[in-house]
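> Dropping in coords23.csv, which is CSV, C-alpha atoms and all ligand atoms:
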chain,number,residue,atom,x,y,z
T,2,MET,CA,60.9,65.6,190.0
T,3,GLN,CA,63.1,65.1,193.0
T,4,TYR,CA,66.6,66.4,192.8
T,5,ASN,CA,69.6,66.0,195.1
T,6,LYS,CA,71.4,68.8,196.8
T,7,VAL,CA,74.8,70.0,195.7
T,8,THR,CA,77.3,68.3,197.9
T,9,THR,CA,80.9,69.1,198.8
T,10,GLU,CA,81.9,66.2,196.5
T,11,VAL,CA,80.0,67.8,193.6
T,12,ILE,CA,81.7,71.2,194.3
T,13,GLU,CA,85.1,69.6,194.4
T,14,LYS,CA,84.5,67.9,191.0
T,15,LEU,CA,83.3,71.2,189.5
T,16,GLU,CA,86.4,72.9,190.8
T,17,CYS,CA,88.6,70.2,189.2
T,18,ILE,CA,87.2,71.2,185.8
T,19,LEU,CA,86.9,75.0,186.1
T,20,GLY,CA,89.2,76.0,188.9
T,21,LYS,CA,88.1,77.6,192.1
T,22,ASP,CA,87.6,81.1,190.6
T,23,PHE,CA,84.7,79.9,188.4
T,24,VAL,CA,82.8,77.8,191.0
T,25,LEU,CA,81.1,80.3,193.3
T,26,ALA,CA,78.8,79.6,196.2
T,27,ASP,CA,79.3,82.8,198.3
T,28,ASP,CA,76.3,84.8,199.5
T,29,GLU,CA,77.0,87.7,197.2
T,30,THR,CA,77.2,85.5,194.0
T,31,VAL,CA,74.1,83.5,195.1
T,32,CYS,CA,72.2,86.8,195.5
T,33,ASN,CA,73.4,88.2,192.1
T,34,TYR,CA,72.2,85.0,190.3
T,35,ASN,CA,68.9,84.3,192.2
T,36,HIS,CA,66.7,86.4,189.9
T,37,ASP,CA,66.2,87.6,186.4
T,38,TYR,CA,63.9,90.4,185.2
T,39,THR,CA,60.7,88.4,185.9
T,40,GLU,CA,58.7,90.3,188.5
T,41,ASP,CA,60.2,90.0,192.0
T,42,LEU,CA,60.9,86.3,191.9
T,43,LYS,CA,64.0,85.0,193.7
T,44,TYR,CA,65.3,81.4,194.0
T,45,ASN,CA,68.8,80.8,195.4
T,46,PRO,CA,71.1,78.6,193.4
T,47,GLU,CA,73.4,76.4,195.4
T,48,VAL,CA,76.4,77.1,193.2
T,49,VAL,CA,77.2,79.3,190.2
T,50,VAL,CA,79.6,77.9,187.5
T,51,LYS,CA,81.2,79.9,184.7
T,52,PRO,CA,82.7,77.6,182.0
T,53,ARG,CA,84.7,78.9,179.0
T,54,THR,CA,84.3,76.0,176.6
T,55,ALA,CA,81.8,73.5,175.3
T,56,ALA,CA,84.1,70.7,176.7
T,57,GLU,CA,83.8,72.3,180.2
T,58,VAL,CA,80.0,72.5,179.8
T,59,SER,CA,79.9,68.9,178.9
T,60,GLU,CA,81.9,67.8,182.0
T,61,ILE,CA,79.6,69.9,184.2
T,62,LEU,CA,76.5,68.3,182.8
T,63,LYS,CA,78.0,64.8,183.2
T,64,ILE,CA,78.6,65.5,186.9
T,65,ALA,CA,75.1,67.0,187.4
T,66,ASN,CA,73.6,64.1,185.6
T,67,ALA,CA,75.5,61.5,187.7
T,68,HIS,CA,74.5,63.3,190.9
T,69,ASN,CA,70.9,64.2,189.8
T,70,VAL,CA,71.5,67.9,190.5
T,71,PRO,CA,69.4,70.4,188.5
T,72,VAL,CA,71.2,72.8,186.1
T,73,THR,CA,69.8,76.2,184.9
T,74,PRO,CA,71.6,77.8,182.0
T,75,ARG,CA,71.8,81.6,182.2
T,76,GLY,CA,72.7,84.3,179.8
T,77,ALA,CA,72.6,88.0,180.9
T,78,GLY,CA,69.5,87.4,183.1
T,79,THR,CA,67.3,89.9,181.3
T,80,GLY,CA,64.6,87.3,180.6
T,81,LEU,CA,61.0,88.2,181.5
T,82,SER,CA,59.6,84.6,181.5
T,83,GLY,CA,61.6,83.2,184.5
T,84,GLY,CA,63.7,80.8,182.4
T,85,ALA,CA,66.9,81.6,184.2
T,86,LEU,CA,65.4,81.2,187.7
T,87,PRO,CA,66.9,78.2,189.5
T,88,VAL,CA,63.5,77.2,190.9
T,89,TYR,CA,65.0,73.8,192.2
T,90,GLY,CA,68.2,75.3,193.4
T,91,GLY,CA,71.2,73.4,192.1
T,92,ILE,CA,73.7,74.8,189.6
T,93,ILE,CA,73.4,78.0,187.6
T,94,LEU,CA,75.5,77.7,184.5
T,95,SER,CA,76.4,81.2,183.4
T,96,THR,CA,77.6,81.6,179.8
T,97,GLU,CA,79.1,85.0,180.5
T,98,ARG,CA,82.7,83.9,179.7
T,99,MET,CA,81.7,82.3,176.4
T,100,ASN,CA,81.6,85.6,174.7
T,101,SER,CA,83.7,85.5,171.5
T,102,ILE,CA,82.6,86.2,168.0
T,103,LEU,CA,84.4,83.3,166.4
T,104,GLU,CA,84.0,84.1,162.7
T,105,ILE,CA,82.3,86.6,160.5
T,106,ASP,CA,82.1,84.9,157.1
T,107,GLU,CA,81.5,87.8,154.7
T,108,ARG,CA,81.4,85.6,151.6
T,109,ASN,CA,78.7,83.3,152.9
T,110,LEU,CA,76.9,86.0,154.9
T,111,GLN,CA,77.1,84.1,158.2
T,112,CYS,CA,78.8,84.4,161.5
T,113,THR,CA,79.6,81.9,164.3
T,114,VAL,CA,79.4,83.1,167.8
T,115,GLU,CA,79.5,81.9,171.4
T,116,PRO,CA,76.3,82.2,173.4
T,117,GLY,CA,77.6,84.9,175.8
T,118,VAL,CA,78.1,87.5,173.0
T,119,ILE,CA,75.9,90.6,173.7
T,120,ASN,CA,73.4,91.2,170.9
T,121,GLN,CA,74.5,94.9,170.3
T,122,HIS,CA,78.2,93.8,170.2
T,123,LEU,CA,77.3,91.4,167.4
T,124,ARG,CA,75.3,94.0,165.6
T,125,ASP,CA,78.1,96.5,165.8
T,126,SER,CA,80.8,94.0,164.7
T,127,VAL,CA,78.9,92.9,161.6
T,128,GLU,CA,77.8,96.4,160.7
T,129,ALA,CA,81.5,97.4,160.6
T,130,LYS,CA,81.7,94.9,157.7
T,131,GLY,CA,78.6,96.2,155.9
T,132,LEU,CA,76.4,93.4,157.3
T,133,PHE,CA,73.3,93.3,159.3
T,134,TYR,CA,71.9,91.1,162.1
T,135,PRO,CA,68.3,92.3,162.4
T,136,PRO,CA,66.8,90.8,165.6
T,137,ASP,CA,66.7,93.8,168.0
T,138,PRO,CA,65.2,93.2,171.4
T,139,ALA,CA,64.9,96.4,173.4
T,140,SER,CA,67.4,94.7,175.8
T,141,ARG,CA,70.0,94.4,173.0
T,142,GLY,CA,72.6,96.4,174.9
T,143,SER,CA,72.9,93.7,177.6
T,144,CYS,CA,71.1,90.4,176.5
T,145,PHE,CA,73.2,87.5,175.1
T,146,ILE,CA,72.7,85.7,171.8
T,147,GLY,CA,72.3,82.4,173.7
T,148,GLY,CA,69.4,83.9,175.7
T,149,ASN,CA,68.0,85.4,172.5
T,150,LEU,CA,67.9,81.9,170.9
T,151,ALA,CA,66.5,80.2,174.0
T,152,GLU,CA,63.7,82.9,174.1
T,153,CYS,CA,63.4,83.5,170.3
T,154,ALA,CA,63.8,87.2,171.0
T,155,GLY,CA,62.6,89.9,168.6
T,156,GLY,CA,62.1,93.6,168.5
T,157,PRO,CA,60.6,96.4,166.4
T,158,LYS,CA,62.4,95.2,163.2
T,159,ALA,CA,60.5,91.9,163.4
T,160,VAL,CA,57.8,93.5,161.3
T,161,LYS,CA,60.1,93.4,158.2
T,162,TYR,CA,63.0,91.2,159.1
T,163,GLY,CA,61.5,88.5,161.5
T,164,VAL,CA,62.9,87.3,164.8
T,165,THR,CA,65.8,85.2,166.1
T,166,LYS,CA,64.4,82.0,164.7
T,167,ASP,CA,64.7,83.4,161.2
T,168,TYR,CA,68.5,83.9,161.5
T,169,VAL,CA,69.6,80.7,163.2
T,170,LEU,CA,71.2,78.2,160.8
T,171,ASN,CA,72.9,75.8,163.2
T,172,CYS,CA,74.0,75.4,166.7
T,173,GLU,CA,76.3,73.4,168.9
T,174,VAL,CA,74.4,72.0,171.9
T,175,VAL,CA,75.6,70.1,175.0
T,176,LEU,CA,72.9,67.6,175.9
T,177,PRO,CA,72.0,66.8,179.6
T,178,THR,CA,74.2,63.6,179.2
T,179,GLY,CA,77.2,65.7,178.3
T,180,GLU,CA,77.1,64.7,174.6
T,181,ILE,CA,78.0,67.6,172.3
T,182,ILE,CA,76.0,67.7,169.0
T,183,TRP,CA,75.5,70.1,166.1
T,184,THR,CA,71.8,70.5,165.4
T,185,GLY,CA,72.0,71.0,161.6
T,186,ALA,CA,74.2,72.4,158.9
T,187,ASN,CA,75.4,75.9,157.9
T,188,VAL,CA,72.9,76.1,155.0
T,189,LEU,CA,69.7,77.9,154.2
T,190,LYS,CA,67.9,74.8,152.9
T,191,ASN,CA,68.0,71.5,154.7
T,192,SER,CA,65.0,69.6,153.5
T,193,THR,CA,65.0,66.3,155.3
T,194,GLY,CA,65.3,65.2,158.9
T,195,TYR,CA,64.0,66.7,162.1
T,196,ASN,CA,64.6,70.4,162.5
T,197,LEU,CA,66.6,70.2,165.7
T,198,THR,CA,67.9,73.7,165.3
T,199,GLN,CA,64.4,75.2,165.5
T,200,LEU,CA,63.6,72.9,168.4
T,201,MET,CA,66.3,74.6,170.4
T,202,VAL,CA,64.9,78.1,169.5
T,203,GLY,CA,62.5,79.1,172.3
T,204,SER,CA,63.4,76.0,174.4
T,205,GLU,CA,64.4,78.2,177.4
T,206,GLY,CA,67.3,76.1,178.5
T,207,THR,CA,65.2,72.9,179.0
T,208,LEU,CA,66.7,70.7,176.2
T,209,GLY,CA,70.4,71.4,176.4
T,210,ILE,CA,73.0,74.2,176.6
T,211,ILE,CA,73.8,76.1,173.4
T,212,THR,CA,77.5,76.6,173.1
T,213,LYS,CA,77.9,77.9,169.6
T,214,VAL,CA,75.6,79.5,167.1
T,215,VAL,CA,75.8,80.0,163.4
T,216,LEU,CA,73.7,83.0,162.3
T,217,LYS,CA,72.5,84.2,158.9
T,218,LEU,CA,73.4,87.8,158.1
T,219,ILE,CA,72.1,90.2,155.4
T,220,PRO,CA,73.6,93.3,153.7
T,221,PHE,CA,73.3,96.4,155.9
T,222,PRO,CA,70.6,98.7,154.5
T,223,SER,CA,72.5,102.0,153.9
T,224,GLU,CA,69.5,104.4,154.2
T,225,ASN,CA,66.7,104.7,156.7
T,226,LEU,CA,64.0,107.2,157.5
T,227,LEU,CA,62.3,107.3,160.9
T,228,MET,CA,58.8,108.8,161.3
T,229,LEU,CA,57.0,109.6,164.5
T,230,VAL,CA,53.3,110.0,163.8
T,231,PRO,CA,50.9,111.4,166.4
T,232,PHE,CA,47.3,110.3,166.8
T,233,ARG,CA,44.4,111.7,168.7
T,234,THR,CA,43.5,108.2,170.2
T,235,SER,CA,45.2,104.9,170.7
T,236,GLU,CA,42.5,103.3,168.6
T,237,LYS,CA,43.4,105.5,165.6
T,238,ALA,CA,47.1,104.6,165.9
T,239,CYS,CA,46.2,100.9,165.9
T,240,GLU,CA,43.9,101.3,162.9
T,241,ALA,CA,46.8,103.0,161.1
T,242,VAL,CA,48.9,99.8,161.5
T,243,SER,CA,46.6,97.8,159.3
T,244,ALA,CA,46.1,100.7,156.9
T,245,VAL,CA,49.9,100.8,156.4
T,246,PHE,CA,50.0,97.1,155.5
T,247,LYS,CA,46.9,97.3,153.3
T,248,ALA,CA,48.7,100.1,151.4
T,249,GLY,CA,51.3,97.5,150.5
T,250,ILE,CA,54.2,99.0,152.4
T,251,THR,CA,56.4,97.1,154.8
T,252,PRO,CA,58.1,99.3,157.3
T,253,SER,CA,61.4,98.1,158.7
T,254,ALA,CA,60.3,98.8,162.3
T,255,MET,CA,57.0,99.8,163.9
T,256,GLU,CA,56.4,100.6,167.5
T,257,PHE,CA,53.3,101.9,169.4
T,258,MET,CA,54.1,104.6,172.0
T,259,GLU,CA,51.5,106.0,174.3
T,260,ARG,CA,51.6,109.6,175.3
T,261,ASP,CA,53.1,108.9,178.7
T,262,ALA,CA,55.9,106.8,177.2
T,263,LEU,CA,57.0,109.6,174.9
T,264,LYS,CA,56.8,112.2,177.8
T,265,PHE,CA,59.1,110.0,179.8
T,266,VAL,CA,61.5,109.6,176.9
T,267,MET,CA,61.7,113.4,176.6
T,268,GLN,CA,62.4,113.7,180.3
T,269,VAL,CA,65.4,111.4,180.2
T,270,THR,CA,66.9,112.1,176.7
T,271,ASP,CA,67.5,115.2,174.7
T,272,VAL,CA,64.9,114.1,172.1
T,273,LYS,CA,62.2,116.8,171.9
T,274,VAL,CA,59.0,116.6,169.9
T,275,PRO,CA,55.9,118.7,170.2
T,276,LEU,CA,53.3,117.0,172.4
T,277,PRO,CA,50.0,119.0,172.3
T,278,ASP,CA,47.2,117.9,174.6
T,279,TYR,CA,45.1,116.3,172.0
T,280,VAL,CA,47.8,113.8,171.0
T,281,GLN,CA,47.3,110.5,172.9
T,282,ALA,CA,49.5,108.0,171.0
T,283,HIS,CA,52.2,107.8,168.5
T,284,LEU,CA,53.5,105.2,166.0
T,285,LEU,CA,57.2,105.1,165.5
T,286,ILE,CA,57.8,103.9,162.0
T,287,GLU,CA,61.0,103.2,160.2
T,288,VAL,CA,61.6,102.5,156.5
T,289,ASP,CA,64.9,101.3,155.3
T,290,GLY,CA,66.7,100.3,152.1
T,291,ASN,CA,69.5,101.4,149.8
T,292,ASP,CA,67.8,104.1,147.8
T,293,ARG,CA,66.8,107.3,149.6
T,294,ASP,CA,64.4,108.3,146.8
T,295,VAL,CA,62.5,105.1,147.1
T,296,LEU,CA,62.3,105.6,150.9
T,297,LEU,CA,60.9,109.1,150.5
T,298,LYS,CA,58.3,107.7,148.1
T,299,SER,CA,57.3,105.1,150.7
T,300,ALA,CA,57.0,107.9,153.3
T,301,LYS,CA,54.6,109.7,151.0
T,302,LYS,CA,52.5,106.5,150.8
T,303,TYR,CA,52.4,106.5,154.6
T,304,GLN,CA,51.4,110.1,154.6
T,305,LYS,CA,48.3,109.1,152.6
T,306,CYS,CA,47.4,106.4,155.2
T,307,TYR,CA,47.6,108.9,158.1
T,308,THR,CA,45.7,111.6,156.2
T,309,VAL,CA,42.9,109.1,155.8
T,310,LEU,CA,43.0,108.5,159.6
T,311,ASN,CA,43.1,112.2,160.3
T,312,ALA,CA,46.4,112.1,162.0
T,313,LYS,CA,48.7,115.1,162.2
T,314,LYS,CA,52.0,114.3,160.6
T,315,TYR,CA,55.5,114.9,161.6
T,316,CYS,CA,58.7,113.1,161.3
T,317,LEU,CA,62.1,112.5,162.9
T,318,GLN,CA,65.0,111.5,160.8
T,319,THR,CA,67.9,109.2,161.6
T,320,PRO,CA,71.1,109.5,159.6
T,321,PRO,CA,72.2,106.1,158.3
T,322,ASN,CA,74.5,104.3,160.7
T,323,LYS,CA,74.2,106.8,163.5
T,324,LYS,CA,72.3,106.2,166.7
T,325,GLN,CA,71.6,109.8,167.4
T,326,ILE,CA,68.1,110.9,166.5
T,327,TYR,CA,68.1,114.5,165.4
T,328,GLY,CA,65.9,117.1,163.9
T,329,ALA,CA,62.2,117.1,164.3
T,330,HIS,CA,59.3,117.6,162.7
T,331,ALA,CA,56.6,118.8,160.4
T,332,GLU,CA,58.5,120.5,157.7
T,333,LEU,CA,60.3,117.3,156.7
T,334,LEU,CA,57.1,115.4,155.9
T,335,ALA,CA,55.6,118.5,154.5
T,336,ARG,CA,58.4,118.7,152.0
T,337,LEU,CA,57.8,115.2,150.7
H,401,LIG,C1,64.3,96.1,179.5
H,401,LIG,C2,64.1,94.8,178.8
H,401,LIG,C3,63.6,94.9,177.5
H,401,LIG,C4,63.3,93.7,176.8
H,401,LIG,N1,62.9,93.8,175.5
H,401,LIG,C5,62.7,92.6,174.8
H,401,LIG,C6,62.3,92.7,173.5
H,401,LIG,O1,62.1,93.8,172.9
H,401,LIG,N2,62.0,91.5,172.8
H,401,LIG,C7,62.2,90.3,173.4
H,401,LIG,O2,62.0,89.3,172.8
H,401,LIG,N3,62.6,90.2,174.7
H,401,LIG,C8,62.9,91.4,175.4
H,401,LIG,N4,63.3,91.3,176.8
H,401,LIG,C9,63.4,90.0,177.4
H,401,LIG,C10,64.9,89.4,177.3
H,401,LIG,O3,65.8,90.4,177.2
H,401,LIG,C11,65.1,88.4,176.2
H,401,LIG,O4,64.2,87.3,176.4
H,401,LIG,C12,66.5,87.9,176.0
H,401,LIG,O5,66.5,87.1,174.9
H,401,LIG,C13,67.0,87.2,177.2
H,401,LIG,O6,68.4,87.0,177.0
H,401,LIG,P1,69.4,86.8,178.2
H,401,LIG,O7,70.8,86.6,177.7
H,401,LIG,O8,69.2,87.8,179.3
H,401,LIG,O9,68.9,85.4,178.8
H,401,LIG,P2,68.5,85.0,180.3
H,401,LIG,O10,67.4,85.8,180.8
H,401,LIG,O11,69.7,84.8,181.1
H,401,LIG,O12,67.9,83.5,180.0
H,401,LIG,C14,66.7,83.4,179.2
H,401,LIG,C15,66.5,81.9,179.0
H,401,LIG,O13,67.4,81.4,178.1
H,401,LIG,C16,68.1,80.3,178.6
H,401,LIG,N5,69.4,80.3,178.2
H,401,LIG,C17,70.3,81.3,178.2
H,401,LIG,N6,71.5,81.0,177.6
H,401,LIG,C18,71.3,79.8,177.2
H,401,LIG,C19,72.2,78.8,176.5
H,401,LIG,N7,73.4,79.2,176.1
H,401,LIG,N8,71.7,77.6,176.2
H,401,LIG,C20,70.4,77.3,176.5
H,401,LIG,N9,69.6,78.1,177.2
H,401,LIG,C21,70.0,79.3,177.5
H,401,LIG,C22,67.9,80.4,180.1
H,401,LIG,O14,67.9,79.2,180.8
H,401,LIG,C23,66.5,81.0,180.2
H,401,LIG,O15,65.5,80.0,180.0
H,401,LIG,C24,63.5,92.5,177.5
H,401,LIG,C25,64.0,92.4,178.8
H,401,LIG,C26,64.2,93.6,179.5
H,401,LIG,C27,64.7,93.5,180.9
Is it possible to give me this structure as structure tokens?


Amino acid sequence: MQYNKVTTEVIEKLECILGKDFVLADDETVCNYNHDYTEDLKYNPEVVVKPRTAAEVSEILKIANAHNVPVTPRGAGTGLSGGALPVYGGIILSTERMNSILEIDERNLQCTVEPGVINQHLRDSVEAKGLFYPPDPASRGSCFIGGNLAECAGGPKAVKYGVTKDYVLNCEVVLPTGEIIWTGANVLKNSTGYNLTQLMVGSEGTLGIITKVVLKLIPFPSENLLMLVPFRTSEKACEAVSAVFKAGITPSAMEFMERDALKFVMQVTDVKVPLPDYVQAHLLIEVDGNDRDVLLKSAKKYQKCYTVLNAKKYCLQTPPNKKQIYGAHAELLARL
């Protein structure tokens, strides 16, 4: 596909819509927006625009369409698949100013947010109301909800709660022509018609620009228990994963950690766990729910799986609603 360059006329039209402060083509800005987290790839945009509203996004896309200039939407730029790289130059459309949580609807267990809301900010805001937004990419402290949708992001909690696609009910999208549409309705069941909402999920900015999202929320689980289980080999740790599922237990999070990863974590945090020479891998396993006794029973079931696999057992515990990991190890599981 052949595109045109961004001309002075295009820049002037963009400035008319956004004002000069939010149409940037200086070297420093170009440099800041010419990469994401994908390897060392760099492609310079010709101009970076920072709209605040869907109406502004619509006007930008109309101009780009009329002048045949490429537009690359961008969230926080933490993507690992190159989606935010402006490979054809043109316009980078950053959603960083579209960062409001518009509504948390406690009665219907939904929220409506703009695409530039940081994942962790949303999690914290809904948690304060006793609600839970589970998709938890490791980049959650910086990545945006719009980027999460466009990449269908997920994290350790996917094992029980699913990924971004499982929480998107509806979204407002600006199409390349500038037309603003809603892809569905704010309901759990929508049985007829094309599923445009899910079409947008994972579309990496190729179909339109997401300007509002309605997300499903669930009640916040009040209790959780975090276990760190050491294994003599990576293979044994992997075997344990299917043993856990075969035992009929669904953890709320599960993550494989090789020895070096844990060593590094201990170097840069105050988390300390014993790491004898024969331990080569760990599984980090979380169970959650609302009844501590039930969780402790699940932990006992886990214990059986690991005993079968000849793993040594120990456990870290997280207090509910606190980020700090405290207390280590053997005695806790031994007491179960
Ligand atoms: C340290 C680190 C850890 C990570 N951990 C995980 C992980 O655990 N799980 C996981 O899934 N990913 C992970 N990622 C990848 C990345 O964080 C996710 O893909 C995240 O969803 C990207 O969000 P972003 O806001 O940074 O999007 P960007 O990188 O800015 O953009 C990503 C894509 O989304 C498009 N896009 C952004 N906003 C919009 C919008 N409003 N409308 C339409 N398209 C849009 C862009 O065009 C691009 O194609 C990690 C990345 C890093 C650097």

> For ligand LIG 401 (chain H), collect every residue having any atom at a distance of at most 7 Å from a ligand atom (counting all atoms listed in the file); output as number ranges by chain.

T: 37-38, 73-81, 83-85, 96, 116, 137-140, 144-156, 205-206, 209-212

> Can you write just those residues out, C-alpha atoms, as a short mmCIF file (atom, residue, chain, number, x, y, z; two decimals), keeping the file's coordinate frame?


data_model
loop_
_atom_site.label_atom_id
_atom_site.label_comp_id
_atom_site.auth_asym_id
_atom_site.auth_seq_id
_atom_site.Cartn_x
_atom_site.Cartn_y
_atom_site.Cartn_z
CA ASP T 37 66.20 87.60 186.40
CA TYR T 38 63.90 90.40 185.20
CA THR T 73 69.80 76.20 184.90
CA PRO T 74 71.60 77.80 182.00
CA ARG T 75 71.80 81.60 182.20
CA GLY T 76 72.70 84.30 179.80
CA ALA T 77 72.60 88.00 180.90
CA GLY T 78 69.50 87.40 183.10
CA THR T 79 67.30 89.90 181.30
CA GLY T 80 64.60 87.30 180.60
CA LEU T 81 61.00 88.20 181.50
CA GLY T 83 61.60 83.20 184.50
CA GLY T 84 63.70 80.80 182.40
CA ALA T 85 66.90 81.60 184.20
CA THR T 96 77.60 81.60 179.80
CA PRO T 116 76.30 82.20 173.40
CA ASP T 137 66.70 93.80 168.00
CA PRO T 138 65.20 93.20 171.40
CA ALA T 139 64.90 96.40 173.40
CA SER T 140 67.40 94.70 175.80
CA CYS T 144 71.10 90.40 176.50
CA PHE T 145 73.20 87.50 175.10
CA ILE T 146 72.70 85.70 171.80
CA GLY T 147 72.30 82.40 173.70
CA GLY T 148 69.40 83.90 175.70
CA ASN T 149 68.00 85.40 172.50
CA LEU T 150 67.90 81.90 170.90
CA ALA T 151 66.50 80.20 174.00
CA GLU T 152 63.70 82.90 174.10
CA CYS T 153 63.40 83.50 170.30
CA ALA T 154 63.80 87.20 171.00
CA GLY T 155 62.60 89.90 168.60
CA GLY T 156 62.10 93.60 168.50
CA GLU T 205 64.40 78.20 177.40
CA GLY T 206 67.30 76.10 178.50
CA GLY T 209 70.40 71.40 176.40
CA ILE T 210 73.00 74.20 176.60
CA ILE T 211 73.80 76.10 173.40
CA THR T 212 77.50 76.60 173.10
#

> Work out how far apart CA of Tyr195 (chain T) and CA of Leu170 (chain T) are and give it in Å to one decimal.

13.6 Å

> Please report the interatomic distance between CA of Leu216 (chain T) and CA of Glu287 (chain T) in Å with one decimal.

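CA of Glu287 (chain T) lies at a distance of 24.0 Å from CA of Leu216 (chain T).
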
> Rank T:Ser82, T:Phe232, T:Cys112, T:Glu224 by their smallest atom-to-atom distance to Val295 (chain T), using only C-alpha atoms, and report the top residue only.

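Smallest distance to Val295 (chain T) is found for T:Glu224.
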
> Considering only C-alpha atoms, can you say which of T:Thr234, T:Asn100, T:Asn196, T:Asn109 comes closest to Phe257 (chain T)?

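Ranked by minimum distance to Phe257 (chain T), first place goes to T:Thr234.
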
> Which polymer residues have any atom within 9 Å of an atom of Glu60 (chain T), counting all atoms listed in the file, with same-chain residues fewer than 4 positions away left out, as a PyMOL selection string?

chain T and resi 15+18+55-56+64-65+179
